[in-house]
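Undergrad: Handing you a structure now.
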Amino acid sequence: MVAMDSAPAVPGQRKKVNWSNIAVGGVMNMFEVTTLGQPFEVVKTQMASQRGDSMTVALRKVWARGGVLGFYQGLIPWAWIEASTKGAVLLFTAAEIEGAAVNFGISPAVGGLLGGMGGGVVQAYATMGFCTCMKTAEITRSKMSAAGEKPPSTWKLFADMYKAGGIAGINKGVNAVAVRQMTNWGSRMGFARLAEQGIRNARGVPEGEKLGPLDRIAASTIGGALGCWNQPIEVVRVEMQSMAKNTSKDRPAKLTVFNTLGFIYKESGIKGLYRGVTPRIGLGIWQTVCMVSFADYVKEWIAGEPKKV
């Protein structure tokens, strides 16, 4: 997730793309994933793929695959490649859609929501599909190694997937990623903005005056947590991209978003569709705090704006 300009768009005026924000997005994404982001991602994927695991069991299994390093499986190179590219794609697309929407007379709030949703879809298809697929494959490789099997190297795995399925093969599950990102961005931005307005009203902060750091973090926390309502889409994505052998006769041979959703529901019920939601809430909060609250301060520092706390 990448912070967008805090100043509202004005009908009839197009805001120029701020190229420094693209750099901020890439840097902040790298910071987010390299700190707490990837550990949350690994635990979330473990629970979503092994739907019978409790949080304690999942943490124990991840630890057994390399201790602390087990929580950073897939970080290099795929998570870094994803983090350093998706922010730029998202910011550019969201800004263009929002500008066009406002020019058509749509309110800035709705324009921003449409921009976030559109940006999420474009980033998924442009950069995230193959990266999330390969991150999931990396976790599967670690599981194979822990089980005593000799897994293929990362690049051999990539080459084999490309040889077997071409572009579609390395982008397996990208439709689920696109739906997830669209709903992620729409939800997080919407809930965070709603929370900001509630904080302003409760604390008597006038419009145009910046919220303090704790207020910003609180709004981002609310947005990041409530944005996890779409966890079933994430569980579907993990199942579609998993390389683990599944011997269930009910599992479709050719997975789509909808038949995968039906398979998981039949196998594990509603509870199975929300496996891994706890670490994902942690991930959503950390992503939103980093890419909205922290990124706003970085942008203000670059612009030379004075701090207001």
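In the structure tokens, the first chain shown is A, the next is B, and so on; residue numbers restart at 1 for each chain, and ligands run from 1 in the order shown.
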Tell me which protein, DNA and RNA residues are within 10 Å of A:Gly70, counting only C-alpha atoms, leaving out same-chain ones fewer than 3 positions away, and put them as a list in words.
TA: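 The contact residues come out as Pro39, Val42, Val43, Leu59, Lys61, Val62, Trp63, Ala64, Arg65, Gly66, Gly67, Gln73, Gly74, Ile139 and Ser142 of chain A.
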Undergrad: Applying 10 Å and only C-alpha atoms, which residues near stretch 221-233 of chain A remain after dropping the ones on its own chain fewer than 6 positions away? List them as a ChimeraX atom specification.
TA: /A:48,175-181,183-196,215,239,257-258,260-261,264-265,270-278,280-289,293
Undergrad: Using only C-alpha atoms, please write the residues we just selected to a file, as a compact mmCIF listing (two decimals), in the first residue's frame.
TA:
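Okay, again_18.txt is ready:
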# COMPACT_ATOMS: atom_id res chain seq x y z
CA ALA A 48 -4.21 -20.37 4.90
CA ASN A 175 -7.10 -13.02 -10.66
CA ALA A 176 -7.49 -13.72 -6.94
CA VAL A 177 -4.60 -11.32 -6.25
CA ALA A 178 -6.34 -8.63 -8.33
CA VAL A 179 -9.64 -9.03 -6.47
CA ARG A 180 -7.77 -8.97 -3.16
CA GLN A 181 -5.83 -5.81 -4.03
CA THR A 183 -10.86 -4.73 -2.20
CA ASN A 184 -7.79 -4.12 0.00
CA TRP A 185 -7.22 -0.64 -1.37
CA GLY A 186 -10.85 0.33 -1.48
CA SER A 187 -11.47 -0.89 2.06
CA ARG A 188 -8.29 0.38 3.69
CA MET A 189 -8.54 3.84 2.17
CA GLY A 190 -12.25 4.10 2.87
CA PHE A 191 -12.08 2.92 6.48
CA ALA A 192 -8.93 4.97 7.21
CA ARG A 193 -10.53 8.15 5.85
CA LEU A 194 -13.69 7.44 7.79
CA ALA A 195 -11.63 6.92 10.96
CA GLU A 196 -9.72 10.16 10.36
CA ASP A 215 -4.12 10.05 15.51
CA GLU A 239 -4.75 -22.41 -2.49
CA VAL A 257 -11.40 -18.20 -8.16
CA PHE A 258 -14.95 -19.53 -7.83
CA THR A 260 -11.45 -22.87 -5.49
CA LEU A 261 -13.75 -20.94 -3.16
CA ILE A 264 -12.33 -24.71 0.37
CA TYR A 265 -15.85 -24.16 1.70
CA ILE A 270 -16.70 -20.83 6.64
CA LYS A 271 -13.96 -21.22 9.25
CA GLY A 272 -11.57 -22.49 6.59
CA LEU A 273 -12.14 -19.37 4.48
CA TYR A 274 -10.93 -17.21 7.37
CA ARG A 275 -7.83 -19.22 8.30
CA GLY A 276 -4.87 -16.89 8.79
CA VAL A 277 -7.00 -13.80 9.38
CA THR A 278 -5.23 -13.01 12.69
CA ARG A 280 -3.29 -10.86 8.22
CA ILE A 281 -4.85 -8.27 10.52
CA GLY A 282 -1.37 -7.66 11.92
CA LEU A 283 -0.02 -7.42 8.37
CA GLY A 284 -2.79 -5.06 7.27
CA ILE A 285 -2.21 -2.76 10.22
CA TRP A 286 1.56 -2.68 9.70
CA GLN A 287 1.21 -2.07 5.94
CA THR A 288 -1.27 0.74 6.46
CA VAL A 289 0.77 2.39 9.22
CA SER A 293 1.11 7.31 8.23
Undergrad: Identify which of the residues A:Val27, A:Ile22, A:Leu157, A:Val122 lies closest to A:Ala88, counting only C-alpha atoms when measuring atom-to-atom distances.
TA: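 Going through A:Val27, A:Ile22, A:Leu157, A:Val122 one by one, the smallest distance to A:Ala88 is for A:Ile22.
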Undergrad: Find, counting only C-alpha atoms, the residue in A:Lys163, A:Lys172, A:Arg203, A:Lys299 that gets nearest to A:Cys131.
TA: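 Once distances to A:Cys131 are computed over only C-alpha atoms, the minimum belongs to A:Lys172.
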Undergrad: Excluding A:Ala126 and any residue of its chain fewer than 5 positions from it, enumerate the residues within 10 Å of it, using only C-alpha atoms, and give them as a PyMOL selection string.
TA: chain A and resi 85-86+89-90+120-121+174+178
Undergrad: Run DSSP on the backbone and grab whatever in stretch 22-242 of chain A lands in alpha helix (DSSP H); send it over as a count of residues only.
TA: 163
Undergrad: Counting only C-alpha atoms, figure out which residue out of A:Leu114, A:Val238, A:Ala253, A:Val298 gets nearest to A:Ser49.
TA: A:Val238
